[in-house]
$ cat protein-v5.cif   # mmCIF, C-alpha atoms and all ligand atoms
data_upload
#
loop_
_atom_site.label_atom_id
_atom_site.label_comp_id
_atom_site.auth_asym_id
_atom_site.auth_seq_id
_atom_site.Cartn_x
_atom_site.Cartn_y
_atom_site.Cartn_z
CA MET S 19 37.60 -39.62 -30.67
CA SER S 20 35.39 -38.95 -27.65
CA LYS S 21 32.70 -36.32 -27.78
CA LYS S 22 33.14 -33.56 -25.18
CA ALA S 23 30.41 -32.80 -22.66
CA GLY S 24 29.77 -29.97 -20.23
CA ILE S 25 27.40 -30.12 -17.26
CA ILE S 26 25.94 -26.85 -15.97
CA GLY S 27 24.68 -27.40 -12.42
CA GLY S 28 27.26 -30.02 -11.50
CA THR S 29 26.76 -30.05 -7.72
CA GLY S 30 23.08 -31.01 -7.83
CA TYR S 31 21.50 -34.44 -7.75
CA THR S 32 20.94 -34.74 -11.49
CA GLY S 33 24.34 -33.16 -12.25
CA GLY S 34 26.02 -35.75 -10.03
CA GLU S 35 24.01 -38.51 -11.63
CA LEU S 36 25.00 -37.33 -15.12
CA ALA S 37 28.65 -37.50 -14.05
CA ARG S 38 28.17 -40.98 -12.54
CA ILE S 39 26.78 -42.23 -15.86
CA LEU S 40 29.10 -40.31 -18.21
CA CYS S 41 32.33 -41.22 -16.39
CA ARG S 42 31.84 -44.79 -17.72
CA HIS S 43 30.46 -43.80 -21.14
CA PRO S 44 32.44 -45.30 -24.03
CA GLY S 45 32.22 -42.24 -26.28
CA ILE S 46 31.54 -39.13 -24.15
CA GLU S 47 34.10 -37.41 -21.91
CA ILE S 48 33.08 -34.80 -19.32
CA VAL S 49 35.42 -31.84 -19.75
CA VAL S 50 33.67 -29.24 -17.59
CA MET S 51 31.19 -29.19 -14.71
CA THR S 52 29.97 -25.87 -13.32
CA SER S 53 28.95 -24.65 -9.92
CA ARG S 54 28.74 -21.03 -8.91
CA GLN S 55 29.01 -21.87 -5.22
CA GLN S 56 31.74 -24.52 -5.35
CA ALA S 57 33.91 -23.16 -8.19
CA GLY S 58 37.54 -24.24 -7.79
CA LYS S 59 36.70 -27.21 -5.55
CA PRO S 60 37.14 -30.83 -6.66
CA VAL S 61 33.98 -32.46 -8.02
CA SER S 62 34.60 -35.31 -5.57
CA ASP S 63 34.13 -32.87 -2.64
CA ALA S 64 30.46 -32.57 -3.62
CA HIS S 65 30.13 -36.12 -4.95
CA GLY S 66 32.33 -38.41 -2.84
CA HIS S 67 31.26 -41.46 -4.84
CA LEU S 68 32.95 -40.00 -7.94
CA LYS S 69 36.46 -39.94 -6.41
CA GLY S 70 38.74 -41.85 -8.80
CA TYR S 71 36.23 -41.48 -11.63
CA VAL S 72 35.86 -37.73 -12.23
CA ASP S 73 39.12 -35.83 -11.82
CA LEU S 74 37.85 -32.27 -12.38
CA GLU S 75 37.35 -29.10 -10.37
CA PHE S 76 34.09 -27.18 -10.69
CA SER S 77 34.29 -24.14 -12.97
CA SER S 78 32.14 -21.11 -12.20
CA ALA S 79 30.78 -21.13 -15.78
CA LEU S 80 31.56 -22.42 -19.26
CA SER S 81 34.40 -20.46 -20.89
CA PRO S 82 33.38 -18.49 -23.99
CA GLY S 83 34.15 -20.55 -27.09
CA GLU S 84 34.68 -23.76 -25.04
CA ASP S 85 34.98 -26.65 -27.50
CA LEU S 86 32.02 -28.89 -26.56
CA ASP S 87 29.76 -31.29 -28.45
CA VAL S 88 26.95 -31.42 -25.90
CA VAL S 89 25.89 -29.41 -22.85
CA PHE S 90 23.58 -30.78 -20.18
CA LEU S 91 21.66 -28.17 -18.20
CA ALA S 92 21.05 -29.73 -14.78
CA THR S 93 19.68 -26.43 -13.53
CA PRO S 94 16.40 -25.24 -12.02
CA HIS S 95 13.63 -23.92 -14.27
CA GLY S 96 14.17 -20.23 -14.86
CA ALA S 97 17.96 -20.76 -14.87
CA SER S 98 18.07 -22.97 -17.97
CA MET S 99 16.46 -20.36 -20.20
CA GLN S 100 19.22 -17.91 -19.24
CA HIS S 101 21.81 -20.28 -20.76
CA VAL S 102 20.03 -21.78 -23.77
CA PRO S 103 20.09 -18.82 -26.23
CA ALA S 104 23.90 -18.50 -26.27
CA LEU S 105 24.36 -22.27 -26.39
CA MET S 106 21.98 -22.53 -29.36
CA ASP S 107 23.85 -19.74 -31.15
CA SER S 108 27.14 -21.61 -30.61
CA GLY S 109 25.74 -24.67 -32.42
CA VAL S 110 26.37 -27.10 -29.53
CA LYS S 111 23.77 -29.80 -28.77
CA VAL S 112 21.79 -29.04 -25.62
CA VAL S 113 19.83 -31.30 -23.27
CA ASP S 114 17.88 -29.27 -20.71
CA LEU S 115 16.71 -31.21 -17.67
CA SER S 116 14.47 -28.40 -16.40
CA GLY S 117 10.87 -27.61 -17.36
CA ASP S 118 11.77 -24.46 -19.32
CA TYR S 119 11.29 -25.90 -22.83
CA ARG S 120 8.90 -28.81 -22.23
CA LEU S 121 5.57 -27.02 -22.71
CA ASP S 122 4.81 -25.90 -26.24
CA ASP S 123 2.56 -23.05 -25.06
CA VAL S 124 4.29 -20.04 -23.43
CA GLU S 125 1.15 -18.89 -21.61
CA THR S 126 0.69 -22.32 -20.04
CA TYR S 127 4.35 -22.24 -18.93
CA GLU S 128 4.00 -18.77 -17.41
CA ARG S 129 0.79 -19.72 -15.57
CA TRP S 130 2.08 -22.97 -14.06
CA TYR S 131 5.67 -21.89 -13.41
CA GLY S 132 4.75 -18.40 -12.17
CA MET S 133 7.39 -16.55 -14.21
CA ASP S 134 7.83 -14.92 -17.60
CA HIS S 135 9.59 -17.00 -20.24
CA SER S 136 12.64 -15.04 -21.42
CA ASP S 137 13.37 -17.25 -24.48
CA PRO S 138 10.06 -18.12 -26.16
CA GLY S 139 11.78 -18.18 -29.58
CA ASN S 140 13.56 -21.43 -28.76
CA ILE S 141 10.47 -23.30 -27.52
CA PRO S 142 9.54 -24.51 -31.04
CA ASN S 143 13.14 -25.75 -31.48
CA ALA S 144 12.87 -28.08 -28.48
CA VAL S 145 11.98 -31.75 -28.88
CA TYR S 146 10.33 -33.53 -25.97
CA GLY S 147 12.88 -36.14 -24.93
CA ILE S 148 11.17 -39.48 -24.47
CA PRO S 149 13.13 -41.60 -27.00
CA GLU S 150 10.56 -44.41 -27.01
CA LEU S 151 7.99 -41.92 -28.41
CA TYR S 152 10.02 -39.28 -30.29
CA ARG S 153 13.24 -41.04 -31.30
CA ASP S 154 13.61 -39.66 -34.83
CA ASP S 155 12.88 -36.06 -33.78
CA ILE S 156 15.44 -36.32 -30.98
CA ARG S 157 18.08 -37.62 -33.39
CA ARG S 158 17.64 -34.53 -35.58
CA SER S 159 17.34 -31.93 -32.81
CA GLN S 160 19.79 -29.43 -31.36
CA LEU S 161 17.72 -28.86 -28.20
CA VAL S 162 16.03 -31.56 -26.16
CA ALA S 163 13.61 -30.74 -23.36
CA ASN S 164 14.25 -33.69 -21.09
CA PRO S 165 10.93 -34.75 -19.51
CA GLY S 166 9.99 -34.43 -15.88
CA CYS S 167 10.32 -37.49 -13.65
CA TYR S 168 6.60 -37.94 -12.89
CA PRO S 169 5.64 -37.35 -16.54
CA THR S 170 8.16 -39.97 -17.70
CA ALA S 171 6.72 -42.71 -15.47
CA THR S 172 3.13 -41.62 -16.14
CA ILE S 173 3.36 -41.22 -19.90
CA LEU S 174 5.24 -44.49 -20.41
CA ALA S 175 2.53 -46.20 -18.31
CA MET S 176 -0.33 -44.87 -20.45
CA ALA S 177 1.21 -44.33 -23.91
CA PRO S 178 0.20 -47.68 -25.48
CA LEU S 179 -3.46 -47.18 -24.48
CA LEU S 180 -3.52 -43.67 -25.93
CA LYS S 181 -1.48 -44.38 -29.04
CA GLU S 182 -3.73 -47.28 -30.02
CA GLY S 183 -6.88 -45.35 -29.04
CA VAL S 184 -8.22 -48.00 -26.66
CA ALA S 185 -8.70 -45.61 -23.68
CA ASP S 186 -9.96 -42.04 -23.22
CA PRO S 187 -7.20 -39.45 -22.71
CA ASP S 188 -8.73 -38.49 -19.35
CA ALA S 189 -6.85 -40.09 -16.46
CA ILE S 190 -6.65 -40.14 -12.70
CA VAL S 191 -2.94 -40.33 -11.93
CA ASP S 192 -1.75 -41.36 -8.48
CA ALA S 193 2.05 -41.18 -8.38
CA LYS S 194 4.61 -41.69 -5.63
CA SER S 195 8.16 -40.41 -5.63
CA GLY S 196 11.32 -40.79 -3.58
CA THR S 197 12.70 -37.67 -1.92
CA SER S 198 15.64 -37.08 -4.32
CA GLY S 199 13.03 -35.83 -6.81
CA ALA S 200 13.05 -32.47 -5.03
CA GLY S 201 16.78 -31.80 -5.55
CA MET S 202 19.42 -30.97 -2.98
CA SER S 203 17.99 -27.84 -1.35
CA PRO S 204 16.62 -28.67 2.11
CA SER S 205 13.02 -27.81 2.98
CA PRO S 206 10.82 -28.51 6.03
CA ARG S 207 8.76 -31.13 4.12
CA LEU S 208 11.94 -32.98 3.17
CA HIS S 209 13.46 -32.98 6.66
CA HIS S 210 13.84 -36.64 7.68
CA PRO S 211 11.54 -36.50 10.73
CA ARG S 212 8.79 -35.09 8.48
CA CYS S 213 9.14 -37.40 5.47
CA GLY S 214 10.76 -40.57 6.86
CA GLU S 215 8.56 -43.58 7.77
CA THR S 216 5.47 -41.90 6.31
CA ILE S 217 3.78 -41.02 3.04
CA LEU S 218 2.04 -37.80 2.12
CA ALA S 219 0.21 -36.20 -0.79
CA TYR S 220 1.27 -32.73 -1.93
CA GLY S 221 0.68 -30.31 -4.80
CA VAL S 222 -2.83 -31.68 -5.33
CA GLY S 223 -4.18 -30.09 -8.53
CA THR S 224 -1.29 -27.61 -8.61
CA HIS S 225 1.83 -29.64 -9.49
CA ARG S 226 3.71 -28.27 -12.54
CA HIS S 227 3.92 -31.69 -14.12
CA THR S 228 0.13 -31.65 -14.73
CA PRO S 229 0.19 -29.60 -17.98
CA GLU S 230 3.19 -31.59 -19.23
CA ILE S 231 1.38 -34.91 -18.73
CA GLU S 232 -1.76 -33.49 -20.38
CA MET S 233 0.21 -32.09 -23.34
CA VAL S 234 1.78 -35.44 -24.20
CA MET S 235 -1.47 -37.36 -23.55
CA GLY S 236 -3.15 -35.05 -26.07
CA ARG S 237 -0.40 -35.55 -28.64
CA LEU S 238 -0.60 -39.32 -28.33
CA ALA S 239 -4.40 -39.50 -28.41
CA GLY S 240 -4.95 -36.78 -31.00
CA SER S 241 -7.49 -35.03 -28.73
CA GLU S 242 -7.33 -33.00 -25.54
CA GLY S 243 -5.54 -34.76 -22.67
CA LYS S 244 -6.77 -34.43 -19.09
CA ALA S 245 -5.08 -35.63 -15.92
CA LEU S 246 -6.17 -35.40 -12.31
CA PHE S 247 -2.64 -35.78 -10.97
CA THR S 248 -1.82 -36.34 -7.30
CA PRO S 249 1.85 -36.71 -6.39
CA HIS S 250 2.98 -38.31 -3.14
CA LEU S 251 6.26 -38.34 -1.30
CA MET S 252 7.34 -41.77 -0.14
CA PRO S 253 10.19 -42.58 2.25
CA VAL S 254 12.74 -43.88 -0.24
CA VAL S 255 15.52 -41.84 -1.86
CA ARG S 256 15.02 -42.95 -5.48
CA GLY S 257 12.06 -44.21 -7.46
CA ILE S 258 8.64 -43.33 -8.87
CA LEU S 259 5.61 -45.57 -9.19
CA SER S 260 2.77 -44.04 -11.18
CA THR S 261 -0.69 -45.65 -11.17
CA CYS S 262 -3.08 -44.34 -13.83
CA TYR S 263 -6.84 -45.03 -14.16
CA LEU S 264 -8.52 -44.60 -17.56
CA GLU S 265 -11.92 -45.51 -19.07
CA LEU S 266 -11.57 -48.13 -21.78
CA LYS S 267 -13.14 -47.34 -25.15
CA GLU S 268 -12.78 -50.92 -26.38
CA ASP S 269 -13.81 -54.18 -24.77
CA LEU S 270 -10.32 -55.74 -24.50
CA ASP S 271 -9.56 -58.64 -22.18
CA ALA S 272 -6.35 -58.92 -20.13
CA ASP S 273 -4.38 -60.68 -22.86
CA GLU S 274 -5.45 -58.17 -25.50
CA LEU S 275 -4.48 -55.25 -23.24
CA ARG S 276 -1.08 -56.76 -22.63
CA ALA S 277 -0.66 -57.28 -26.37
CA VAL S 278 -1.18 -53.53 -26.92
CA TYR S 279 1.85 -52.84 -24.68
CA GLU S 280 3.95 -55.52 -26.29
CA ARG S 281 3.18 -54.10 -29.74
CA VAL S 282 3.92 -50.47 -28.88
CA TYR S 283 7.10 -51.28 -26.92
CA ALA S 284 8.39 -54.07 -29.17
CA GLY S 285 12.18 -53.90 -29.38
CA GLU S 286 12.54 -51.22 -26.67
CA ARG S 287 15.61 -51.93 -24.58
CA PHE S 288 14.57 -49.93 -21.54
CA ILE S 289 10.85 -50.72 -21.31
CA HIS S 290 9.74 -54.01 -19.80
CA TYR S 291 6.23 -55.39 -19.38
CA VAL S 292 6.06 -57.16 -15.99
CA ASP S 293 3.25 -58.31 -13.70
CA GLU S 294 4.25 -56.11 -10.77
CA PRO S 295 6.25 -52.96 -11.57
CA CYS S 296 8.50 -52.10 -8.67
CA VAL S 297 10.80 -49.15 -7.96
CA ARG S 298 13.52 -51.36 -6.47
CA ALA S 299 13.80 -53.38 -9.68
CA VAL S 300 14.62 -50.27 -11.74
CA ALA S 301 16.69 -48.37 -9.13
CA MET S 302 20.10 -47.13 -10.37
CA SER S 303 19.10 -48.02 -13.93
CA ASN S 304 17.55 -46.45 -17.02
CA HIS S 305 14.88 -49.15 -17.16
CA CYS S 306 11.13 -48.62 -16.87
CA GLN S 307 8.71 -51.36 -15.88
CA VAL S 308 5.12 -51.08 -17.14
CA SER S 309 1.96 -53.10 -16.68
CA VAL S 310 -1.79 -52.88 -17.17
CA ARG S 311 -4.89 -54.48 -15.61
CA ARG S 312 -8.53 -54.36 -16.55
CA VAL S 313 -10.93 -53.63 -13.67
CA GLY S 314 -14.56 -53.37 -14.83
CA GLY S 315 -14.61 -50.90 -17.72
CA ARG S 316 -11.32 -49.30 -16.70
CA ALA S 317 -7.66 -49.86 -17.37
CA VAL S 318 -5.23 -49.48 -14.47
CA ALA S 319 -1.79 -48.75 -15.92
CA PHE S 320 1.51 -48.72 -14.02
CA GLY S 321 4.97 -47.28 -14.66
CA ALA S 322 8.03 -47.59 -12.41
CA ILE S 323 11.34 -45.74 -12.91
CA ASP S 324 14.32 -44.35 -11.01
CA ASN S 325 13.56 -40.60 -10.97
CA LEU S 326 17.25 -39.68 -11.23
CA VAL S 327 18.01 -42.08 -14.10
CA LYS S 328 15.11 -42.76 -16.54
CA GLY S 329 13.35 -39.77 -14.91
CA ALA S 330 16.29 -37.39 -15.47
CA SER S 331 20.00 -38.01 -16.14
CA GLY S 332 19.78 -41.48 -17.75
CA GLN S 333 17.10 -40.32 -20.17
CA ALA S 334 19.21 -37.19 -20.87
CA VAL S 335 22.16 -39.43 -21.81
CA GLN S 336 19.83 -41.65 -23.89
CA CYS S 337 18.78 -38.51 -25.81
CA ALA S 338 22.38 -37.28 -26.15
CA ASN S 339 23.36 -40.69 -27.54
CA LEU S 340 20.75 -40.26 -30.27
CA MET S 341 21.79 -36.64 -30.96
CA LEU S 342 25.48 -37.57 -31.22
CA GLY S 343 25.01 -40.77 -33.23
CA PHE S 344 25.94 -43.29 -30.53
CA ASP S 345 24.16 -46.51 -29.72
CA GLU S 346 21.12 -45.40 -27.72
CA ALA S 347 22.07 -47.53 -24.72
CA ALA S 348 25.75 -46.47 -24.58
CA GLY S 349 26.72 -45.93 -20.96
CA LEU S 350 23.29 -47.05 -19.78
CA ASP S 351 23.32 -50.78 -20.26
CA VAL S 352 23.07 -51.93 -16.63
CA PRO S 353 20.21 -53.71 -14.84
CA GLY S 354 18.34 -52.38 -11.82
CA MET S 355 18.56 -53.80 -8.32
CA GLY S 356 17.33 -57.17 -7.05
CA VAL S 357 17.00 -56.59 -3.33
N1 LIG Y 1 15.84 -34.49 -8.92
C1 LIG Y 1 15.15 -35.16 -9.82
O1 LIG Y 1 14.76 -36.34 -9.62
C2 LIG Y 1 14.80 -34.52 -11.15
C3 LIG Y 1 14.15 -35.30 -12.10
C4 LIG Y 1 13.82 -34.75 -13.35
C5 LIG Y 1 14.14 -33.42 -13.61
N2 LIG Y 1 14.75 -32.67 -12.64
C6 LIG Y 1 15.07 -31.27 -12.99
O2 LIG Y 1 16.47 -31.17 -13.21
C7 LIG Y 1 16.94 -29.88 -12.80
C8 LIG Y 1 18.04 -30.08 -11.76
O3 LIG Y 1 17.46 -30.78 -10.65
P1 LIG Y 1 18.32 -31.24 -9.39
O4 LIG Y 1 17.42 -32.07 -8.58
O5 LIG Y 1 19.64 -31.75 -9.83
O6 LIG Y 1 18.53 -29.79 -8.68
P2 LIG Y 1 19.53 -29.40 -7.52
O7 LIG Y 1 19.97 -30.63 -6.81
O8 LIG Y 1 18.86 -28.32 -6.75
O9 LIG Y 1 20.79 -28.76 -8.30
C9 LIG Y 1 20.70 -27.57 -9.05
C10 LIG Y 1 22.07 -27.22 -9.63
O10 LIG Y 1 21.96 -26.06 -10.46
C11 LIG Y 1 22.96 -25.09 -10.11
N3 LIG Y 1 22.35 -23.78 -10.38
C12 LIG Y 1 21.28 -23.20 -9.73
N4 LIG Y 1 20.96 -22.02 -10.31
C13 LIG Y 1 21.83 -21.87 -11.37
C14 LIG Y 1 22.01 -20.85 -12.36
N5 LIG Y 1 21.24 -19.75 -12.40
N6 LIG Y 1 22.99 -21.01 -13.29
C15 LIG Y 1 23.81 -22.11 -13.25
N7 LIG Y 1 23.69 -23.11 -12.33
C16 LIG Y 1 22.72 -22.97 -11.40
C17 LIG Y 1 23.30 -25.39 -8.67
O11 LIG Y 1 24.64 -25.10 -8.32
P3 LIG Y 1 25.24 -23.64 -8.02
O12 LIG Y 1 24.17 -22.88 -7.29
O13 LIG Y 1 26.48 -23.89 -7.22
O14 LIG Y 1 25.57 -23.05 -9.38
C18 LIG Y 1 23.15 -26.91 -8.61
O15 LIG Y 1 24.34 -27.54 -9.05
C19 LIG Y 1 15.71 -29.14 -12.25
O16 LIG Y 1 15.19 -28.31 -13.25
C20 LIG Y 1 14.74 -30.27 -11.90
O17 LIG Y 1 13.39 -29.86 -11.95
C21 LIG Y 1 15.10 -33.18 -11.43
#
$ encode --input "protein-v5.cif" --output "structure tokens"
Amino acid sequence: MSKKAGIIGGTGYTGGELARILCRHPGIEIVVMTSRQQAGKPVSDAHGHLKGYVDLEFSSALSPGEDLDVVFLATPHGASMQHVPALMDSGVKVVDLSGDYRLDDVETYERWYGMDHSDPGNIPNAVYGIPELYRDDIRRSQLVANPGCYPTATILAMAPLLKEGVADPDAIVDAKSGTSGAGMSPSPRLHHPRCGETILAYGVGTHRHTPEIEMVMGRLAGSEGKALFTPHLMPVVRGILSTCYLELKEDLDADELRAVYERVYAGERFIHYVDEPCVRAVAMSNHCQVSVRRVGGRAVAFGAIDNLVKGASGQAVQCANLMLGFDEAAGLDVPGMGV
């Protein structure tokens, strides 16, 4: 029998992407998608590409006692923590795509997100949802904090170097994202004449993904992680390429560096070592391409993902598969794009 899923925040980009993936999932059925603003309207009004695949109307909220196995929160930070306490009490599995439960330190959250955390008690219950690093914890968890899109590309790029202790956990991170990373609400920076046919840096030293990247770097290295993180907006809709510069602690040549990646990611179905990671090659897929070069005494590490799939909804489904006992790749086993 299929497991039943609910999506809170169904009109948004990640909510739509969850529905696109789950409508073809062999073992999960979407039974409810919420929107406060489009309640009562067909899901295919907001997501025309889902016509014929998702035959539901948006509900304004989950009904009390709704019989669900998993709930995806595709909601902004601040909103997710309003929903999580009741969901946790109900016993349902929860995958939160926002930043509300990613940081293990409440003060750090409140400083970077500029708001009080209303549910600090559930932070220790949340497992950080990168399956390639925390698979067993995810399998056992009731609440997964699905990682941010930039952190996913960045951490997967650097993890082998930090896990095997061959580089210092102090990185310069230069990352570029497509415009869907900002969600569906329009803003002047995301207006096509401003962001089309150009590239710009933003949030320099202030982007909320900085403490998340540093937290996981520190966990992997076993000492404080530091990242000088500069995000850029590039004129594509989907995709992130993260380029990370780290000082090497060991004198490894190119083949030895590559061997570190092949060891750490051996058997991973969604991580691929390639010479030239490329956002096009992973677009519309849950795959991540990684690579590393040695330049002088430094390693230059790369990670490429689709921000809406491996950077959000695909990874959320990968985590839900683990939580519900499905094959980890169920519903996700498709390649990226060629041209
Ligand atoms: N876009 C990406 O590439 C990406 C990647 C990784 C993580 N994320 C994270 O995933 C989350 C969703 O991102 P998105 O890009 O899909 O955002 P979005 O396009 O702005 O959609 C947000 C959705 O949440 C609903 N919503 C807003 N406030 C709500 C509340 N208080 N209670 C219930 N529903 C509420 C909205 O619909 P109604 O107002 O109609 O209810 C809408 O459906 C965010 O936390 C974001 O940071 C996004």
$ atom_distance --input "protein-v5.cif" --atom1 "CA of Gly321 in chain S" --atom2 "CA of Gly223 in chain S"
20.4 Å
$ closest_residue --input "protein-v5.cif" --among "S:Leu270, S:Glu230, S:Ala193, S:Val162" --to "Pro142 in chain S" --atoms "all atoms listed in the file"
S:Val162
$ residues_around --input "protein-v5.cif" --residues "Asp345 in chain S" --least-positions-apart "4" --cutoff "9 Å" --atoms "all atoms listed in the file" --output "PDB file with C-alpha atoms, keeping the file's coordinate frame"
ATOM      1  CA  GLN S 336      19.830 -41.650 -23.890  1.00  0.00           C
ATOM      2  CA  ASN S 339      23.360 -40.690 -27.540  1.00  0.00           C
ATOM      3  CA  LEU S 340      20.750 -40.260 -30.270  1.00  0.00           C
TER       4      LEU S 340
END
$ closest_atom_pairs --input "protein-v5.cif" --of "chain S" --to "ligand LIG 1 (chain Y)" --cutoff "7 Å" --atoms "all atoms listed in the file" --output "JSON lines"
{"residue": "S:Ile26", "atom": "CA", "partner": "Y:LIG1", "partner_atom": "N7", "distance": 5.7}
{"residue": "S:Gly27", "atom": "CA", "partner": "Y:LIG1", "partner_atom": "O15", "distance": 3.4}
{"residue": "S:Gly28", "atom": "CA", "partner": "Y:LIG1", "partner_atom": "O15", "distance": 4.5}
{"residue": "S:Thr29", "atom": "CA", "partner": "Y:LIG1", "partner_atom": "O15", "distance": 3.7}
{"residue": "S:Gly30", "atom": "CA", "partner": "Y:LIG1", "partner_atom": "O9", "distance": 3.2}
{"residue": "S:Tyr31", "atom": "CA", "partner": "Y:LIG1", "partner_atom": "O5", "distance": 3.9}
{"residue": "S:Thr32", "atom": "CA", "partner": "Y:LIG1", "partner_atom": "O5", "distance": 3.7}
{"residue": "S:Gly33", "atom": "CA", "partner": "Y:LIG1", "partner_atom": "O5", "distance": 5.5}
{"residue": "S:Thr52", "atom": "CA", "partner": "Y:LIG1", "partner_atom": "O14", "distance": 6.5}
{"residue": "S:Ser53", "atom": "CA", "partner": "Y:LIG1", "partner_atom": "O13", "distance": 3.7}
{"residue": "S:Arg54", "atom": "CA", "partner": "Y:LIG1", "partner_atom": "O14", "distance": 3.8}
{"residue": "S:Gln55", "atom": "CA", "partner": "Y:LIG1", "partner_atom": "O13", "distance": 3.8}
{"residue": "S:Gln56", "atom": "CA", "partner": "Y:LIG1", "partner_atom": "O13", "distance": 5.6}
{"residue": "S:Ala92", "atom": "CA", "partner": "Y:LIG1", "partner_atom": "C8", "distance": 4.3}
{"residue": "S:Thr93", "atom": "CA", "partner": "Y:LIG1", "partner_atom": "O10", "distance": 3.8}
{"residue": "S:Pro94", "atom": "CA", "partner": "Y:LIG1", "partner_atom": "O16", "distance": 3.5}
{"residue": "S:His95", "atom": "CA", "partner": "Y:LIG1", "partner_atom": "O16", "distance": 4.8}
{"residue": "S:Ala97", "atom": "CA", "partner": "Y:LIG1", "partner_atom": "N5", "distance": 4.2}
{"residue": "S:Leu115", "atom": "CA", "partner": "Y:LIG1", "partner_atom": "O2", "distance": 4.5}
{"residue": "S:Ser116", "atom": "CA", "partner": "Y:LIG1", "partner_atom": "O16", "distance": 3.2}
{"residue": "S:Gly117", "atom": "CA", "partner": "Y:LIG1", "partner_atom": "O16", "distance": 6.0}
{"residue": "S:Pro165", "atom": "CA", "partner": "Y:LIG1", "partner_atom": "C4", "distance": 6.8}
{"residue": "S:Gly166", "atom": "CA", "partner": "Y:LIG1", "partner_atom": "C4", "distance": 4.6}
{"residue": "S:Cys167", "atom": "CA", "partner": "Y:LIG1", "partner_atom": "C4", "distance": 4.5}
{"residue": "S:Ser198", "atom": "CA", "partner": "Y:LIG1", "partner_atom": "N1", "distance": 5.3}
{"residue": "S:Gly199", "atom": "CA", "partner": "Y:LIG1", "partner_atom": "O1", "distance": 3.3}
{"residue": "S:Ala200", "atom": "CA", "partner": "Y:LIG1", "partner_atom": "N1", "distance": 5.2}
{"residue": "S:Gly201", "atom": "CA", "partner": "Y:LIG1", "partner_atom": "O4", "distance": 3.1}
{"residue": "S:Met202", "atom": "CA", "partner": "Y:LIG1", "partner_atom": "O7", "distance": 3.9}
{"residue": "S:Ser203", "atom": "CA", "partner": "Y:LIG1", "partner_atom": "O8", "distance": 5.5}
{"residue": "S:Asn325", "atom": "CA", "partner": "Y:LIG1", "partner_atom": "O1", "distance": 4.6}
{"residue": "S:Leu326", "atom": "CA", "partner": "Y:LIG1", "partner_atom": "O1", "distance": 4.5}
{"residue": "S:Gly329", "atom": "CA", "partner": "Y:LIG1", "partner_atom": "C4", "distance": 5.3}
{"residue": "S:Ala330", "atom": "CA", "partner": "Y:LIG1", "partner_atom": "C4", "distance": 4.2}
$ atom_distance --input "protein-v5.cif" --atom1 "CA of Glu242 in chain S" --atom2 "CA of Pro229 in chain S"
11.2 Å
$ closest_residue --input "protein-v5.cif" --among "S:Lys194, S:Arg312, S:Lys244, S:His67" --to "Arg256 in chain S" --atoms "all atoms listed in the file"
S:Lys194
$ atom_distance --input "protein-v5.cif" --atom1 "CA of Thr261 in chain S" --atom2 "CA of Arg237 in chain S"
20.2 Å
$ closest_residue --input "protein-v5.cif" --among "S:Ala175, S:Ala239, S:Leu36, S:Glu268" --to "Val113 in chain S" --atoms "all atoms listed in the file"
S:Leu36
$ closest_residue --input "protein-v5.cif" --among "S:Leu121, S:Ile39, S:Leu74, S:Met252" --to "Tyr220 in chain S" --atoms "all atoms listed in the file"
S:Met252
$ closest_residue --input "protein-v5.cif" --among "S:Val335, S:Ala322, S:Ala299, S:Ile25" --to "Ile148 in chain S" --atoms "all atoms listed in the file"
S:Val335
$ closest_residue --input "protein-v5.cif" --among "S:Met355, S:Cys262, S:Ala334, S:Leu238" --to "Ala37 in chain S" --atoms "all atoms listed in the file"
S:Ala334
$ residues_around --input "protein-v5.cif" --residues "Glu150 in chain S" --least-positions-apart "2" --cutoff "8 Å" --atoms "only C-alpha atoms" --output "list in words"
Ile148, Tyr152, Arg153, Tyr283 and Glu286 of chain S
$ residues_around --input "protein-v5.cif" --residues "Lys21 in chain S" --least-positions-apart "5" --cutoff "8 Å" --atoms "all atoms listed in the file" --output "VMD selection string"
chain S and resid 45 to 47 86 to 88
$ residues_around --input "protein-v5.cif" --residues "Ala177 in chain S" --least-positions-apart "5" --cutoff "9 Å" --atoms "all atoms listed in the file" --output "list in words"
Leu151, Thr172, Glu182, Val234, Met235, Leu238, Ala239, Tyr279 and Val282 of chain S
$ closest_atom_pairs --input "protein-v5.cif" --of "range 103-177 of chain S" --to "range 303-310 of chain S" --cutoff "9 Å" --atoms "only C-alpha atoms" --output "JSON lines"
{"residue": "S:Ala171", "atom": "CA", "partner": "S:Cys306", "partner_atom": "CA", "distance": 7.5}
{"residue": "S:Leu174", "atom": "CA", "partner": "S:Val308", "partner_atom": "CA", "distance": 7.4}
{"residue": "S:Ala175", "atom": "CA", "partner": "S:Val308", "partner_atom": "CA", "distance": 5.6}
{"residue": "S:Met176", "atom": "CA", "partner": "S:Val310", "partner_atom": "CA", "distance": 8.8}
$ residues_around --input "protein-v5.cif" --residues "Arg120 in chain S" --least-positions-apart "2" --cutoff "8 Å" --atoms "only C-alpha atoms" --output "NGL selection string"
:S and (117-118 or 122 or 141 or 144-146 or 163-165 or 230)
$ residues_near_point --input "protein-v5.cif" --point "(25.6, -21.7, -32.0)" --cutoff "12 Å" --atoms "all atoms listed in the file" --output "list in words"
Pro82, Gly83, Glu84, Asp85, Leu86, Asp87, Val88, Val89, His101, Val102, Pro103, Ala104, Leu105, Met106, Asp107, Ser108, Gly109, Val110, Lys111, Val112, Gln160 and Leu161 of chain S
